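J.: Data: query.tsv, TSV, C-alpha atoms.
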```tsv
chain	number	residue	atom	x	y	z
A	82	MET	CA	57.21	74.34	120.90
A	83	ASN	CA	57.01	77.79	122.44
A	84	ASN	CA	54.93	79.07	125.31
A	85	SER	CA	52.70	81.26	123.15
A	86	ALA	CA	51.57	78.26	121.07
A	87	ARG	CA	50.82	76.39	124.27
A	88	THR	CA	48.87	79.31	125.78
A	89	LYS	CA	46.94	79.67	122.54
A	90	ALA	CA	46.05	75.97	122.60
A	91	TYR	CA	44.84	76.19	126.22
A	92	GLY	CA	42.80	79.29	125.35
A	93	ARG	CA	41.15	77.49	122.43
A	94	SER	CA	40.30	74.59	124.72
A	95	ALA	CA	38.73	76.97	127.24
A	96	MET	CA	36.69	78.72	124.52
A	97	ILE	CA	35.25	75.38	123.38
A	98	ALA	CA	34.33	74.49	126.97
A	99	LEU	CA	32.66	77.89	127.40
A	100	THR	CA	30.68	77.39	124.17
A	101	LEU	CA	29.49	73.98	125.41
A	102	ALA	CA	28.50	75.47	128.77
A	103	VAL	CA	26.51	78.26	127.10
A	104	LEU	CA	24.77	75.74	124.81
A	105	THR	CA	23.86	73.61	127.84
A	106	ILE	CA	22.27	76.61	129.56
A	107	ILE	CA	20.40	77.48	126.34
A	108	GLU	CA	19.27	73.84	126.17
A	109	PHE	CA	17.92	74.03	129.72
A	110	TYR	CA	15.95	77.21	129.03
A	111	VAL	CA	14.65	75.88	125.71
A	112	ALA	CA	13.31	72.87	127.60
A	113	ILE	CA	11.51	75.13	130.08
A	114	SER	CA	10.11	77.64	127.60
A	115	LEU	CA	9.61	75.81	124.26
A	116	ASP	CA	9.40	72.11	125.18
A	117	SER	CA	10.51	71.13	121.67
A	118	ALA	CA	12.11	67.69	121.46
A	119	ILE	CA	13.46	68.30	117.96
A	120	PHE	CA	15.06	71.62	118.93
A	121	LEU	CA	16.62	70.03	122.03
A	122	MET	CA	18.06	67.15	120.03
A	123	LEU	CA	19.40	69.61	117.46
A	124	ILE	CA	21.24	71.53	120.20
A	125	ALA	CA	22.57	68.20	121.52
A	126	LEU	CA	23.72	67.28	118.00
A	127	PHE	CA	25.47	70.65	117.63
A	128	LYS	CA	27.24	70.14	120.98
A	129	ALA	CA	28.28	66.62	119.96
A	130	VAL	CA	29.70	67.88	116.64
A	131	ILE	CA	31.77	70.47	118.51
A	132	VAL	CA	33.19	67.81	120.86
A	133	VAL	CA	33.85	65.32	118.05
A	134	GLN	CA	35.56	67.97	115.91
A	135	ALA	CA	37.46	69.97	118.53
A	136	TYR	CA	38.18	67.52	121.36
A	137	MET	CA	38.12	64.12	119.62
A	138	HIS	CA	40.10	65.34	116.56
A	139	VAL	CA	38.04	63.32	114.10
A	140	SER	CA	39.80	65.08	111.19
A	141	ARG	CA	43.05	63.32	112.15
A	142	LEU	CA	41.49	60.14	110.77
A	143	TRP	CA	42.06	61.36	107.23
A	144	SER	CA	45.13	63.55	107.76
A	145	PRO	CA	47.88	62.22	105.46
A	146	GLU	CA	50.77	62.89	107.82
A	147	GLY	CA	49.23	60.88	110.66
A	148	GLU	CA	50.76	62.99	113.42
A	149	HIS	CA	49.38	63.67	116.86
B	109	MET	CA	65.91	54.51	104.12
B	110	THR	CA	67.54	55.08	107.50
B	111	THR	CA	66.52	53.10	110.58
B	112	VAL	CA	65.09	56.26	112.22
B	113	THR	CA	62.95	57.14	109.16
B	114	ALA	CA	61.69	53.56	108.94
B	115	ALA	CA	60.79	53.57	112.65
B	116	LEU	CA	58.92	56.90	112.32
B	117	GLU	CA	56.99	55.69	109.28
B	118	GLY	CA	56.15	52.51	111.15
B	119	TYR	CA	54.82	54.54	114.06
B	120	THR	CA	52.80	56.80	111.76
B	121	GLN	CA	51.17	53.79	110.11
B	122	GLN	CA	50.50	52.23	113.50
B	123	LEU	CA	48.93	55.50	114.68
B	124	ARG	CA	46.60	55.57	111.67
B	125	ASN	CA	45.54	51.96	112.30
B	126	ASN	CA	45.02	52.61	116.01
B	127	ARG	CA	42.81	55.64	115.31
B	128	MET	CA	40.73	53.75	112.80
B	129	GLY	CA	40.32	50.86	115.22
B	130	LEU	CA	39.22	53.17	118.04
B	131	TRP	CA	36.64	54.93	115.86
B	132	LEU	CA	35.27	51.60	114.63
B	133	PHE	CA	34.87	50.64	118.28
B	134	PHE	CA	32.96	53.91	118.87
B	135	ILE	CA	30.65	53.12	115.96
B	136	SER	CA	29.88	49.70	117.47
B	137	GLU	CA	29.23	51.39	120.83
B	138	ALA	CA	26.93	53.91	119.13
B	139	PHE	CA	24.56	51.05	118.29
B	140	LEU	CA	24.33	50.18	121.98
B	141	PHE	CA	23.69	53.75	123.15
B	142	GLY	CA	21.50	54.48	120.12
B	143	GLY	CA	19.41	51.44	121.00
B	144	LEU	CA	18.93	52.78	124.53
B	145	LEU	CA	17.88	56.18	123.16
B	146	VAL	CA	15.37	54.54	120.81
B	147	THR	CA	14.05	52.51	123.75
B	148	ARG	CA	13.53	55.72	125.71
B	149	PHE	CA	11.53	57.40	122.93
B	150	TYR	CA	9.55	54.23	122.15
B	151	LEU	CA	8.55	53.51	125.74
B	152	TRP	CA	8.22	57.02	127.15
B	153	GLY	CA	7.04	58.93	124.09
B	154	ASN	CA	6.60	62.59	125.02
B	155	THR	CA	6.73	61.96	128.76
B	156	ARG	CA	9.53	61.63	131.30
B	157	PRO	CA	9.93	60.74	134.97
B	158	GLU	CA	10.29	63.45	137.59
B	159	LEU	CA	14.06	63.70	137.95
B	160	ASP	CA	15.87	66.39	139.90
B	161	GLN	CA	16.65	69.12	137.34
B	162	THR	CA	19.33	70.74	139.49
B	163	ILE	CA	21.22	67.46	139.85
B	164	GLY	CA	20.89	66.83	136.10
B	165	LEU	CA	22.34	70.23	135.28
B	166	ILE	CA	25.14	69.88	137.83
B	167	VAL	CA	26.29	66.41	136.71
B	168	THR	CA	26.12	67.54	133.07
B	169	GLY	CA	28.25	70.58	133.90
B	170	VAL	CA	30.73	68.40	135.79
B	171	LEU	CA	31.10	66.05	132.82
B	172	LEU	CA	31.58	68.95	130.38
B	173	LEU	CA	34.19	70.41	132.72
B	174	SER	CA	35.96	67.05	132.80
B	175	SER	CA	36.15	67.08	129.00
B	176	PHE	CA	37.84	70.48	129.24
B	177	SER	CA	40.42	69.26	131.81
B	178	MET	CA	41.05	66.16	129.68
B	179	ASN	CA	41.66	68.31	126.61
B	180	MET	CA	44.02	70.48	128.70
B	181	ALA	CA	45.94	67.33	129.69
B	182	GLU	CA	46.21	66.17	126.08
B	183	THR	CA	47.24	69.64	124.87
B	184	ALA	CA	49.82	69.78	127.67
B	185	ILE	CA	51.57	66.54	126.67
B	186	GLU	CA	51.51	67.69	123.03
B	187	HIS	CA	53.50	70.73	124.19
B	188	GLY	CA	55.74	68.88	126.65
B	189	ASP	CA	54.08	70.42	129.73
B	190	ARG	CA	54.13	67.33	131.98
B	191	ARG	CA	52.91	69.09	135.13
B	192	THR	CA	49.69	70.36	133.50
B	193	PHE	CA	49.30	66.99	131.79
B	194	LEU	CA	49.33	65.04	135.08
B	195	GLY	CA	47.23	67.71	136.83
B	196	GLY	CA	44.66	67.71	134.03
B	197	LEU	CA	44.34	63.92	134.17
B	198	ALA	CA	43.91	63.96	137.95
B	199	VAL	CA	41.22	66.67	137.76
B	200	THR	CA	39.41	64.70	135.03
B	201	ALA	CA	39.38	61.53	137.14
B	202	VAL	CA	38.09	63.45	140.18
B	203	LEU	CA	35.34	65.11	138.12
B	204	GLY	CA	34.43	61.70	136.70
B	205	LEU	CA	34.09	60.39	140.24
B	206	VAL	CA	31.95	63.39	141.21
B	207	PHE	CA	29.67	62.66	138.24
B	208	LEU	CA	29.45	59.01	139.24
B	209	ILE	CA	28.69	59.81	142.88
B	210	GLY	CA	26.06	62.35	141.78
B	211	VAL	CA	24.29	59.73	139.67
B	212	MET	CA	24.59	56.94	142.26
B	213	VAL	CA	23.47	59.04	145.23
B	214	PHE	CA	20.86	61.34	143.70
B	215	GLU	CA	19.46	59.37	140.77
B	216	TRP	CA	19.83	55.77	141.89
B	217	GLY	CA	19.30	56.49	145.60
B	218	LEU	CA	21.98	53.94	146.53
B	219	PHE	CA	22.51	55.64	149.87
B	220	PRO	CA	19.06	56.37	151.31
B	221	ALA	CA	20.66	57.86	154.42
B	222	ILE	CA	21.91	60.72	152.24
B	223	TYR	CA	19.14	60.90	149.64
B	224	GLU	CA	16.02	58.83	149.17
B	225	GLY	CA	15.76	57.94	145.49
B	226	HIS	CA	12.25	57.89	144.06
B	227	LEU	CA	12.88	55.52	141.14
B	228	LYS	CA	13.61	51.82	141.31
B	229	PRO	CA	14.66	49.72	138.28
B	230	GLY	CA	11.79	47.27	138.71
B	231	ASP	CA	9.05	49.78	139.53
B	232	ASN	CA	7.87	50.73	136.06
B	233	VAL	CA	9.03	51.58	132.56
B	234	TYR	CA	10.53	54.88	133.75
B	235	GLY	CA	12.72	53.28	136.39
B	236	ALA	CA	13.84	50.52	134.00
B	237	VAL	CA	14.89	52.94	131.24
B	238	VAL	CA	16.55	55.46	133.59
B	239	PHE	CA	18.62	52.69	135.22
B	240	ALA	CA	19.48	51.04	131.89
B	241	MET	CA	20.66	54.33	130.35
B	242	THR	CA	22.49	55.78	133.34
B	243	GLY	CA	23.83	52.34	134.29
B	244	MET	CA	25.37	51.64	130.90
B	245	HIS	CA	26.79	55.17	130.81
B	246	ALA	CA	28.16	54.86	134.36
B	247	LEU	CA	29.92	51.64	133.35
B	248	HIS	CA	31.75	53.61	130.67
B	249	VAL	CA	32.58	56.39	133.12
B	250	ILE	CA	34.11	53.79	135.49
B	251	SER	CA	36.19	52.23	132.68
B	252	GLY	CA	37.23	55.76	131.63
B	253	ILE	CA	38.43	56.57	135.16
B	254	ILE	CA	40.43	53.31	135.25
B	255	PHE	CA	41.92	54.19	131.83
B	256	ILE	CA	42.85	57.68	133.12
B	257	ALA	CA	44.46	56.18	136.25
B	258	ILE	CA	46.62	53.88	134.09
B	259	VAL	CA	47.69	56.74	131.79
B	260	TRP	CA	48.37	59.01	134.79
B	261	ASN	CA	50.58	56.34	136.38
B	262	LEU	CA	52.53	55.81	133.15
B	263	GLY	CA	52.89	59.59	132.73
B	264	ARG	CA	54.12	59.92	136.31
B	265	LYS	CA	56.87	57.42	135.53
B	266	GLY	CA	58.00	59.50	132.55
B	267	GLY	CA	56.01	57.76	129.82
B	268	PHE	CA	54.70	59.68	126.76
B	269	SER	CA	56.32	62.54	124.88
B	270	PRO	CA	55.11	65.31	122.53
B	271	GLU	CA	56.03	63.03	119.61
B	272	ARG	CA	54.59	59.77	120.97
B	273	HIS	CA	51.51	59.80	123.17
B	274	TRP	CA	48.91	57.55	121.58
B	275	GLY	CA	48.00	56.26	125.04
B	276	VAL	CA	47.02	59.77	126.12
B	277	GLU	CA	45.22	60.57	122.87
B	278	SER	CA	43.15	57.36	122.97
B	279	CYS	CA	42.29	57.90	126.64
B	280	ALA	CA	41.21	61.49	125.90
B	281	ILE	CA	39.13	60.47	122.88
B	282	TYR	CA	37.45	57.72	124.90
B	283	TRP	CA	36.60	60.17	127.69
B	284	HIS	CA	35.15	62.68	125.22
B	285	TYR	CA	33.08	59.87	123.69
B	286	VAL	CA	31.57	59.19	127.12
B	287	ASP	CA	30.79	62.93	127.24
B	288	VAL	CA	29.18	62.85	123.77
B	289	VAL	CA	26.90	60.02	124.89
B	290	TRP	CA	25.77	62.07	127.90
B	291	ILE	CA	25.17	65.08	125.64
B	292	PHE	CA	22.32	63.05	124.08
B	293	PHE	CA	21.24	61.27	127.26
B	294	TYR	CA	20.83	64.48	129.28
B	295	PRO	CA	17.97	66.00	127.21
B	296	ALA	CA	16.44	62.55	126.63
B	297	LEU	CA	16.26	61.79	130.36
B	298	TYR	CA	15.78	65.21	131.94
B	299	LEU	CA	14.39	67.69	129.45
B	300	ILE	CA	12.24	66.17	126.71
B	301	GLY	CA	8.56	65.53	127.38
B	302	THR	CA	6.11	66.32	130.15
B	303	VAL	CA	6.48	64.87	133.62
B	304	ALA	CA	4.44	61.67	134.08
B	305	HIS	CA	2.68	61.33	137.42
```
Let me see the file written as structure tokens.
T.:
Amino acid sequence: MNNSARTKAYGRSAMIALTLAVLTIIEFYVAISLDSAIFLMLIALFKAVIVVQAYMHVSRLWSPEGEH
Amino acid sequence: MTTVTAALEGYTQQLRNNRMGLWLFFISEAFLFGGLLVTRFYLWGNTRPELDQTIGLIVTGVLLLSSFSMNMAETAIEHGDRRTFLGGLAVTAVLGLVFLIGVMVFEWGLFPAIYEGHLKPGDNVYGAVVFAMTGMHALHVISGIIFIAIVWNLGRKGGFSPERHWGVESCAIYWHYVDVVWIFFYPALYLIGTVAH
């Protein structure tokens, strides 16, 4: 594998982390300003979906080739 | 069929089974953590104890950052970058320890000389739920750190390759699962509801 593919993969990982950080800050301010339990749990659910999809590779469960 | 092809197909099948087994384990764990979340909403309703918001935000940030370093480590071994792989694992373990220390010192008040905790497990329903939720989560953080240490040691000795690294993948997925649990615990403990006095 070449260096550009590796750099791209690291960049993608950083972008996901940044998205999660931004969502956490939004979550904090939503708690202060709106105090909506449903909205807060929805943000948490969205964050969890991102982690499960991007970091936990859930789609590999049904990939036919079964590679890493 | 050549011996090499047969071995690769065997590994692929094993990998599929391993993944399925790990996710089934996560589903069983979800009942445990889900039960704790339900307990929180049943007993607290729309109230919460007065927890330190700054500490909550910091430990949450630390755990999210550890997920990033863990993903870097996994990506690195996928691309044969052993140095980043070992570095990423070490950073993840350290961040996990920082999270753990943050919870133990500032939420549990285990070291009153440093910080006097204001909740005790036997005090009331708030203390009981906070300690049950953070305690069960901390147990998983500890097991995750031990898992990382084992994988790091194997990696240091030359174990794992871009083609075969189930040990790394499972360790990373487990760590992210611990992060996912905290993603739900953080608003449930720190953000939702009005402070009960």
J.: Please indicate the distance in Å from CA of Gly266 (chain B) to CA of Trp283 (chain B), rounded to one decimal place.
T.: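 Separation between CA of Gly266 (chain B) and CA of Trp283 (chain B): 22.0 Å.
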J.: Considering all atoms listed in the file, state which residue in the set B:Gly196, B:Gly235, B:Gly188, B:Gly263 is at the smallest distance from chain A.
T.: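 When distances to chain A are compared using all atoms listed in the file, the smallest one comes from B:Gly188.
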J.: Dump as an MDAnalysis selection string all residues having an atom at most 10 Å from (38.6, 62.4, 115.4), computed in the file's coordinates with only C-alpha atoms.
T.: (chainID A and resid 132:143) or (chainID B and resid 127:128 130:131 281)
J.: Near chain B, meaning an atom within 6 Å, which residues of chain A appear when counting only C-alpha atoms? Write them as a list in words.
T.: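 Using only C-alpha atoms, chain A residues at most 6 Å from chain B: Ala98, Ala112, Ala118, Ala125, Ala129, Met137 and Gly147 of chain A.
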J.: For CA of Val233 (chain B) and CA of Leu247 (chain B), determine how far apart the two atoms are, in Å to one decimal place.
T.: 20.9 Å
J.: Could you tell me how far CA of Asp160 (chain B) sits from CA of Leu297 (chain B), in Å to one decimal place?
T.: 10.6 Å
